[in-house]
file input18.csv (CSV, C-alpha atoms)
chain,number,residue,atom,x,y,z
A,1,MET,CA,0.0,0.0,0.0
A,2,ARG,CA,1.2,3.5,-0.8
A,3,SER,CA,2.5,5.3,2.3
A,4,ASP,CA,0.1,8.3,1.8
A,5,ILE,CA,-2.9,6.0,1.6
A,6,ALA,CA,-1.7,4.1,4.7
A,7,ILE,CA,-1.2,7.4,6.6
A,8,ASN,CA,-4.7,8.6,5.6
A,9,ASP,CA,-6.2,5.3,6.7
A,10,VAL,CA,-4.8,5.6,10.2
A,11,LEU,CA,-6.0,9.2,10.4
A,12,LEU,CA,-9.5,8.2,9.3
A,13,LYS,CA,-9.5,5.5,11.9
A,14,CYS,CA,-8.6,8.1,14.6
A,15,GLU,CA,-11.5,10.3,13.4
A,16,ALA,CA,-13.8,7.3,13.6
A,17,LEU,CA,-12.7,6.7,17.2
A,18,LYS,CA,-13.4,10.3,18.0
A,19,ARG,CA,-16.9,10.2,16.4
A,20,ALA,CA,-17.7,7.1,18.4
A,21,GLY,CA,-16.7,8.9,21.6
A,22,LEU,CA,-13.9,6.3,22.3
A,23,TRP,CA,-11.2,9.0,21.8
A,24,ALA,CA,-11.4,12.5,23.2
A,25,ALA,CA,-12.4,15.2,20.7
A,26,GLU,CA,-10.0,17.9,19.4
A,27,PRO,CA,-8.1,19.6,20.9
A,28,ARG,CA,-7.5,16.9,23.5
A,29,ILE,CA,-6.2,14.4,21.0
A,30,ARG,CA,-4.7,15.8,17.9
A,31,PRO,CA,-3.6,13.1,15.4
A,32,ARG,CA,-3.4,15.3,12.3
A,33,ALA,CA,-1.4,18.0,14.1
A,34,TRP,CA,0.8,15.3,15.6
A,35,ILE,CA,1.6,13.6,12.2
A,36,SER,CA,2.6,17.0,10.8
A,37,ASN,CA,5.5,17.2,13.3
A,38,PHE,CA,7.4,14.6,11.2
A,39,ASP,CA,9.3,14.9,8.0
A,40,GLN,CA,7.3,13.6,5.1
A,41,SER,CA,9.6,10.6,4.7
A,42,ASP,CA,9.0,9.7,8.4
A,43,ARG,CA,5.2,10.0,8.5
A,44,ALA,CA,4.5,6.4,7.5
A,45,ILE,CA,6.5,5.3,10.6
A,46,ALA,CA,4.7,7.8,12.7
A,47,ALA,CA,1.3,6.6,11.4
A,48,LYS,CA,2.2,3.0,12.3
A,49,LEU,CA,3.1,4.2,15.8
A,50,LEU,CA,-0.1,6.2,16.1
A,51,ASP,CA,-2.1,3.1,15.0
A,52,ARG,CA,-0.8,1.3,18.1
A,53,PHE,CA,-1.7,4.0,20.6
A,54,THR,CA,-4.5,3.0,23.0
A,55,PHE,CA,-6.7,5.5,24.8
A,56,TYR,CA,-9.1,4.8,27.7
A,57,ASN,CA,-11.8,7.4,27.9
A,58,SER,CA,-13.5,8.1,31.2
A,59,ALA,CA,-16.2,5.5,30.6
A,60,LEU,CA,-13.7,2.8,29.8
A,61,THR,CA,-11.6,3.8,32.8
A,62,ASP,CA,-14.7,3.3,35.0
A,63,ARG,CA,-15.2,-0.1,33.5
A,64,LEU,CA,-11.6,-1.0,34.2
A,65,LEU,CA,-12.0,0.0,37.9
A,66,VAL,CA,-15.1,-2.1,38.3
A,67,ALA,CA,-13.5,-5.0,36.6
A,68,SER,CA,-10.3,-4.8,38.8
A,69,PHE,CA,-12.5,-4.7,41.9
A,70,ASP,CA,-14.5,-7.6,40.7
A,71,SER,CA,-11.4,-9.6,40.1
A,72,ILE,CA,-10.8,-9.8,43.9
A,73,GLY,CA,-13.2,-12.7,43.8
A,74,ASP,CA,-12.2,-14.4,40.5
A,75,GLY,CA,-10.0,-17.0,42.2
A,76,MET,CA,-6.9,-16.2,40.1
A,77,PRO,CA,-3.5,-15.9,41.9
A,78,LYS,CA,-2.9,-12.4,43.3
A,79,GLY,CA,0.6,-12.8,44.6
A,80,PRO,CA,3.0,-15.5,45.9
A,81,ASN,CA,1.7,-15.2,49.5
A,82,ALA,CA,-1.5,-13.3,48.9
A,83,PRO,CA,-4.7,-14.3,50.8
A,84,THR,CA,-7.0,-16.8,49.3
A,85,ARG,CA,-10.2,-15.8,47.4
A,86,ALA,CA,-12.3,-16.6,50.5
A,87,GLN,CA,-10.1,-14.6,52.8
A,88,LEU,CA,-10.2,-11.6,50.4
A,89,LEU,CA,-14.0,-11.7,50.0
A,90,SER,CA,-14.4,-11.9,53.8
A,91,VAL,CA,-12.6,-8.6,54.4
A,92,VAL,CA,-13.0,-6.4,51.4
A,93,GLY,CA,-16.4,-5.1,52.4
A,94,SER,CA,-15.0,-3.6,55.6
A,95,ALA,CA,-11.6,-2.5,54.2
A,96,VAL,CA,-10.3,1.1,54.3
A,97,TRP,CA,-9.3,2.5,51.0
A,98,THR,CA,-6.3,4.7,50.4
A,99,PRO,CA,-4.6,6.1,47.2
A,100,VAL,CA,-1.1,5.1,46.2
A,101,GLN,CA,1.0,8.2,46.4
A,102,GLY,CA,3.3,9.6,43.7
A,103,GLU,CA,7.0,10.2,44.0
A,104,SER,CA,6.1,13.5,45.6
A,105,PRO,CA,2.6,13.1,47.2
A,106,ASN,CA,0.1,15.5,45.6
A,107,PRO,CA,-3.7,16.0,45.8
A,108,THR,CA,-3.8,15.5,42.0
A,109,ASP,CA,-2.3,12.0,42.1
A,110,SER,CA,-4.3,9.5,40.1
A,111,GLY,CA,-5.0,7.4,43.1
A,112,ASN,CA,-7.2,10.2,44.6
A,113,LEU,CA,-9.3,10.3,41.5
A,114,LEU,CA,-9.7,6.5,41.5
A,115,CYS,CA,-10.7,6.6,45.2
A,116,ARG,CA,-13.4,9.1,44.4
A,117,ARG,CA,-14.7,7.0,41.5
A,118,ALA,CA,-14.7,3.9,43.8
A,119,ARG,CA,-17.0,5.8,46.1
A,120,GLN,CA,-19.3,6.7,43.2
A,121,LEU,CA,-19.2,3.4,41.3
A,122,LEU,CA,-18.6,0.8,44.0
A,123,ALA,CA,-20.5,2.5,46.8
A,124,VAL,CA,-17.4,2.6,49.1
A,125,PRO,CA,-18.5,4.8,52.1
A,126,GLU,CA,-16.7,8.1,52.1
A,127,ASP,CA,-15.5,7.6,55.7
A,128,ARG,CA,-13.6,4.5,54.6
A,129,ILE,CA,-11.5,6.5,52.1
A,130,VAL,CA,-8.5,8.0,53.9
A,131,GLU,CA,-5.0,9.4,53.2
A,132,ALA,CA,-2.0,7.1,53.8
A,133,ASP,CA,-1.0,8.5,57.1
A,134,ARG,CA,-4.5,7.7,58.5
A,135,ALA,CA,-4.6,4.3,56.7
A,136,ILE,CA,-1.3,3.2,58.3
A,137,ALA,CA,-2.7,3.8,61.8
A,138,ILE,CA,-5.8,1.7,60.8
A,139,ALA,CA,-3.5,-1.0,59.4
A,140,ALA,CA,-1.7,-1.1,62.8
A,141,GLN,CA,-5.0,-2.2,64.3
A,142,GLY,CA,-5.0,-5.2,61.9
A,143,HIS,CA,-7.7,-3.7,59.7
A,144,PRO,CA,-7.7,-4.6,55.9
A,145,ILE,CA,-6.4,-1.9,53.5
A,146,VAL,CA,-7.2,-1.4,49.8
A,147,PHE,CA,-4.6,0.6,47.9
A,148,VAL,CA,-5.8,2.2,44.7
A,149,ASP,CA,-4.1,3.6,41.6
A,150,ASP,CA,-4.6,3.6,37.8
A,151,PHE,CA,-1.3,2.1,36.6
A,152,VAL,CA,1.7,0.0,37.6
A,153,GLY,CA,4.7,0.6,35.5
A,154,SER,CA,8.0,-0.3,37.3
A,155,GLY,CA,6.1,-0.9,40.5
A,156,GLU,CA,8.1,1.9,42.1
A,157,GLN,CA,5.2,4.1,43.2
A,158,PHE,CA,3.4,1.3,45.1
A,159,LEU,CA,6.6,0.1,46.7
A,160,LYS,CA,7.5,3.6,47.8
A,161,THR,CA,4.0,3.9,49.4
A,162,TRP,CA,4.4,0.5,51.0
A,163,THR,CA,7.8,1.3,52.5
A,164,ARG,CA,7.5,5.0,53.1
A,165,SER,CA,7.8,6.1,56.8
A,166,PHE,CA,4.8,7.8,58.3
A,167,ASN,CA,5.8,8.9,61.8
A,168,GLY,CA,8.3,6.1,62.1
A,169,ASP,CA,6.0,3.3,60.7
A,170,SER,CA,5.5,1.9,57.3
A,171,PHE,CA,2.9,-0.4,55.8
A,172,ALA,CA,5.6,-3.0,55.2
A,173,MET,CA,6.8,-2.8,58.9
A,174,ILE,CA,3.3,-3.1,60.2
A,175,HIS,CA,2.4,-6.0,57.9
A,176,SER,CA,5.5,-7.9,59.1
A,177,ASN,CA,4.1,-7.6,62.6
A,178,ASN,CA,0.3,-8.2,62.3
A,179,HIS,CA,-0.2,-9.5,58.7
A,180,PHE,CA,-3.1,-7.2,57.9
A,181,THR,CA,-4.8,-7.9,54.6
A,182,ALA,CA,-3.4,-5.7,51.9
A,183,ILE,CA,-5.2,-5.4,48.5
A,184,TYR,CA,-3.9,-3.4,45.6
A,185,ILE,CA,-6.5,-2.4,43.0
A,186,THR,CA,-5.0,-1.0,39.7
A,187,LEU,CA,-6.3,-0.8,36.2
A,188,VAL,CA,-3.4,-1.5,33.9
A,189,ALA,CA,0.0,-3.0,34.9
A,190,THR,CA,3.1,-4.1,33.3
A,191,ALA,CA,4.3,-7.7,33.8
A,192,LYS,CA,7.6,-6.2,35.0
A,193,GLY,CA,5.9,-4.0,37.7
A,194,ILE,CA,3.7,-6.9,38.9
A,195,GLY,CA,6.7,-9.1,39.1
A,196,ARG,CA,8.6,-6.6,41.2
A,197,ILE,CA,5.7,-6.2,43.6
A,198,TYR,CA,5.3,-10.0,43.9
A,199,ASN,CA,9.0,-10.1,44.8
A,200,ASP,CA,9.2,-7.2,47.2
A,201,ALA,CA,5.7,-7.4,48.7
A,202,PRO,CA,4.6,-11.0,48.1
A,203,SER,CA,1.7,-10.9,50.6
A,204,VAL,CA,-0.1,-8.1,48.8
A,205,ALA,CA,-3.1,-9.2,46.6
A,206,VAL,CA,-2.6,-7.3,43.3
A,207,CYS,CA,-5.8,-7.0,41.3
A,208,ALA,CA,-5.4,-5.6,37.7
A,209,THR,CA,-7.6,-5.9,34.7
A,210,HIS,CA,-4.9,-5.6,32.0
A,211,ILE,CA,-1.4,-6.9,32.4
A,212,LEU,CA,1.0,-5.7,29.6
A,213,GLU,CA,3.6,-8.1,28.4
A,214,ASP,CA,6.5,-7.0,26.2
A,215,ARG,CA,4.4,-7.6,23.1
A,216,SER,CA,2.2,-4.8,24.2
A,217,THR,CA,5.1,-2.3,24.3
A,218,ILE,CA,7.2,-0.7,21.6
A,219,TYR,CA,9.7,-3.6,22.0
A,220,GLY,CA,7.2,-6.3,21.1
A,221,CYS,CA,4.3,-4.8,19.2
A,222,SER,CA,6.3,-4.6,15.9
A,223,GLY,CA,7.2,-8.2,15.8
A,224,ALA,CA,5.0,-8.8,12.7
A,225,ASP,CA,6.4,-5.8,10.9
A,226,LEU,CA,10.2,-6.3,10.7
A,227,GLN,CA,10.8,-3.0,8.8
A,228,PHE,CA,8.9,-1.0,11.4
A,229,ALA,CA,10.9,-2.7,14.2
A,230,ALA,CA,14.1,-1.9,12.4
A,231,ASP,CA,13.2,1.7,11.7
A,232,MET,CA,11.8,2.6,15.2
A,233,PRO,CA,15.0,3.1,17.2
A,234,ALA,CA,16.4,5.6,14.8
A,235,PHE,CA,13.0,7.3,14.4
A,236,LEU,CA,12.7,7.8,18.2
A,237,GLN,CA,16.3,8.9,18.5
A,238,LYS,CA,15.8,11.5,15.8
A,239,TYR,CA,12.7,13.1,17.2
A,240,SER,CA,13.3,12.7,20.9
A,241,SER,CA,15.9,15.4,20.7
A,242,ARG,CA,13.1,17.9,20.0
A,243,LEU,CA,11.1,17.0,23.1
A,244,ARG,CA,11.0,19.2,26.2
A,245,PRO,CA,9.0,17.5,29.0
A,246,GLN,CA,8.1,20.0,31.7
A,247,GLU,CA,7.9,17.6,34.8
A,248,ASN,CA,10.6,18.6,37.2
A,249,TYR,CA,11.1,15.0,38.5
A,250,ILE,CA,11.8,13.6,35.1
A,251,SER,CA,15.2,13.0,33.8
A,252,SER,CA,15.8,14.3,30.3
A,253,SER,CA,18.2,11.4,29.5
A,254,ALA,CA,18.2,10.0,26.0
A,255,SER,CA,16.7,6.7,27.2
A,256,PHE,CA,13.8,8.5,28.9
A,257,LEU,CA,13.1,10.8,26.0
A,258,GLN,CA,13.0,7.9,23.6
A,259,TYR,CA,11.2,5.2,25.7
A,260,GLY,CA,9.6,6.8,28.7
A,261,PHE,CA,10.1,6.3,32.4
A,262,GLY,CA,12.0,3.1,33.2
A,263,SER,CA,12.4,2.6,29.4
A,264,LEU,CA,9.1,0.8,29.5
A,265,GLY,CA,8.1,1.9,26.0
A,266,LEU,CA,4.3,2.0,26.6
A,267,MET,CA,1.7,3.3,24.1
A,268,PHE,CA,-1.4,4.1,26.0
A,269,GLY,CA,-3.1,6.8,28.0
A,270,PHE,CA,-6.1,7.5,30.2
A,271,ASP,CA,-8.4,10.5,29.8
A,272,HIS,CA,-7.4,11.7,33.2
A,273,SER,CA,-3.6,11.1,32.9
A,274,ILE,CA,-0.9,9.8,30.5
A,275,PRO,CA,1.7,7.6,32.3
A,276,ASP,CA,5.2,9.0,32.0
A,277,ALA,CA,6.2,5.4,31.0
A,278,THR,CA,4.3,6.0,27.7
A,279,LEU,CA,6.5,7.1,24.9
A,280,PRO,CA,7.2,10.8,25.4
A,281,ILE,CA,6.9,11.3,21.6
A,282,PHE,CA,3.1,11.0,22.2
A,283,TRP,CA,2.7,13.5,25.0
A,284,ALA,CA,5.8,15.7,25.6
A,285,PRO,CA,5.8,19.3,24.4
A,286,GLY,CA,8.7,20.2,22.2
A,287,ASP,CA,10.7,22.8,20.4
A,288,GLY,CA,9.1,25.3,18.0
A,289,SER,CA,5.8,24.2,16.5
A,290,TRP,CA,5.9,20.7,17.9
A,291,GLU,CA,2.4,19.4,18.7
A,292,PRO,CA,1.9,16.6,21.2
A,293,LEU,CA,-0.7,14.0,20.3
A,294,ILE,CA,-2.1,14.3,23.8
A,295,GLU,CA,-0.8,16.3,26.7
A,296,ARG,CA,-0.3,15.0,30.2
A,297,ASN,CA,-2.8,16.5,32.7
call {"tool": "encode", "arguments": {"input": "input18.csv", "output": "structure tokens"}}
result
Amino acid sequence: MRSDIAINDVLLKCEALKRAGLWAAEPRIRPRAWISNFDQSDRAIAAKLLDRFTFYNSALTDRLLVASFDSIGDGMPKGPNAPTRAQLLSVVGSAVWTPVQGESPNPTDSGNLLCRRARQLLAVPEDRIVEADRAIAIAAQGHPIVFVDDFVGSGEQFLKTWTRSFNGDSFAMIHSNNHFTAIYITLVATAKGIGRIYNDAPSVAVCATHILEDRSTIYGCSGADLQFAADMPAFLQKYSSRLRPQENYISSSASFLQYGFGSLGLMFGFDHSIPDATLPIFWAPGDGSWEPLIERN
């Protein structure tokens, strides 16, 4: 197929997703403006990359939250030493919910939004949704805790919350003493991140709807298109030099600018947030007239 036809087909698909309400409307997601960032000779590669981008609108995000919650009782393994299905179901109704905190805890962290949606969608009583410093005092009494976030990349954020000191105590320390039931509800997770949590916090029950293997990242999705796989590293290297992410905690190293946080190489976003492990070429601002496909909120 001619490259101009292939590019137009991808753009028409994006427009169909917008019309169907599955993708956010302009100017939230700007596929045509994004394609125009690239040299004419590179637009076919950019279009193939765009075709692999997945967007979860607010309705789909809500469905993921409900599905992750429902998976508590599906009987599938949740961690090497996680409680059994019967044990989880016996305590989840009385558990206290708390958001997973970011690297620098902030009221706008995604976990706070998901806790609010849990109250609205899952009828979690408002008085059972608390901040981490309050949740740790409740955990010390042996009460079950549900941790909530939208995404597990490297597993770093959850493990920081799990081991962070609150007035001299951490969830990890308390768990080693009283073995309170710990449930982690998340929507999308990488296999790498899940594996790290299983290793470092094996008694936590991790409930995720989508688990992304390598084939769902930039490293594996191009396996059926050998030319795309061969062209992608040089393409990302060429255009990453134009990117200027604004987040003050993010390294501007070459590996980050090309492949995202932890070099995870992800290709998706939520309506409320784009993970920094998603390829920055999709979301980062850049020099001159550079137009992100979608900006991070």
call {"tool": "residues_around", "arguments": {"input": "input18.csv", "residues": "Ile274 (chain A)", "least_positions_apart": "4", "cutoff": "8 Å", "atoms": "all atoms listed in the file", "output": "compact mmCIF listing (two decimals) with C-alpha atoms, in the frame of the given file"}}
result
# COMPACT_ATOMS: atom_id res chain seq x y z
CA PHE A 268 -1.40 4.10 26.00
CA GLY A 269 -3.10 6.80 28.00
CA PHE A 270 -6.10 7.50 30.20
CA THR A 278 4.30 6.00 27.70
CA TRP A 283 2.70 13.50 25.00
CA GLU A 295 -0.80 16.30 26.70
CA ARG A 296 -0.30 15.00 30.20
CA ASN A 297 -2.80 16.50 32.70
call {"tool": "closest_residue", "arguments": {"input": "input18.csv", "among": "A:Ile174, A:Cys207, A:Leu266, A:Leu236", "to": "Ala254 (chain A)", "atoms": "all atoms listed in the file"}}
result
A:Leu236
call {"tool": "atom_distance", "arguments": {"input": "input18.csv", "atom1": "CA of Leu89 (chain A)", "atom2": "CA of Arg63 (chain A)"}}
result
20.2 Å
call {"tool": "closest_residue", "arguments": {"input": "input18.csv", "among": "A:Leu113, A:Ala140, A:Leu243, A:Ala234", "to": "Ser273 (chain A)", "atoms": "all atoms listed in the file"}}
result
A:Leu113
call {"tool": "residues_around", "arguments": {"input": "input18.csv", "residues": "Ala33 (chain A)", "least_positions_apart": "4", "cutoff": "9 Å", "atoms": "only C-alpha atoms", "output": "list in words"}}
result
Asn37, Trp290, Glu291, Pro292 and Leu293 of chain A
call {"tool": "residues_around", "arguments": {"input": "input18.csv", "residues": "Ile129 (chain A)", "least_positions_apart": "2", "cutoff": "7 Å", "atoms": "all atoms listed in the file", "output": "ChimeraX atom specification"}}
result
/A:96-98,115,126-127
call {"tool": "atom_distance", "arguments": {"input": "input18.csv", "atom1": "CA of Asp200 (chain A)", "atom2": "CA of Gly155 (chain A)"}}
result
9.7 Å
call {"tool": "closest_residue", "arguments": {"input": "input18.csv", "among": "A:Ala67, A:Ala46, A:Leu257, A:Ala139", "to": "His210 (chain A)", "atoms": "only C-alpha atoms"}}
result
A:Ala67
call {"tool": "atom_distance", "arguments": {"input": "input18.csv", "atom1": "CA of Val188 (chain A)", "atom2": "CA of Val152 (chain A)"}}
result
6.5 Å
call {"tool": "closest_residue", "arguments": {"input": "input18.csv", "among": "A:Leu22, A:Leu88, A:Val10, A:Ile145", "to": "Leu50 (chain A)", "atoms": "only C-alpha atoms"}}
result
A:Val10
call {"tool": "closest_residue", "arguments": {"input": "input18.csv", "among": "A:Gln120, A:Ser240, A:Gln246, A:Thr61", "to": "Gln258 (chain A)", "atoms": "all atoms listed in the file"}}
result
A:Ser240
call {"tool": "residues_around", "arguments": {"input": "input18.csv", "residues": "Phe180 (chain A)", "least_positions_apart": "3", "cutoff": "6 Å", "atoms": "all atoms listed in the file", "output": "list of chain:residue names"}}
result
A:Gly142, A:Pro144, A:His175
call {"tool": "closest_residue", "arguments": {"input": "input18.csv", "among": "A:Thr181, A:Thr217, A:Ser263, A:Ser241", "to": "Ala229 (chain A)", "atoms": "all atoms listed in the file"}}
result
A:Thr217
call {"tool": "residues_around", "arguments": {"input": "input18.csv", "residues": "Ala123 (chain A)", "least_positions_apart": "5", "cutoff": "12 Å", "atoms": "all atoms listed in the file", "output": "PyMOL selection string"}}
result
chain A and resi 66+69+93+97+115-118+128-129
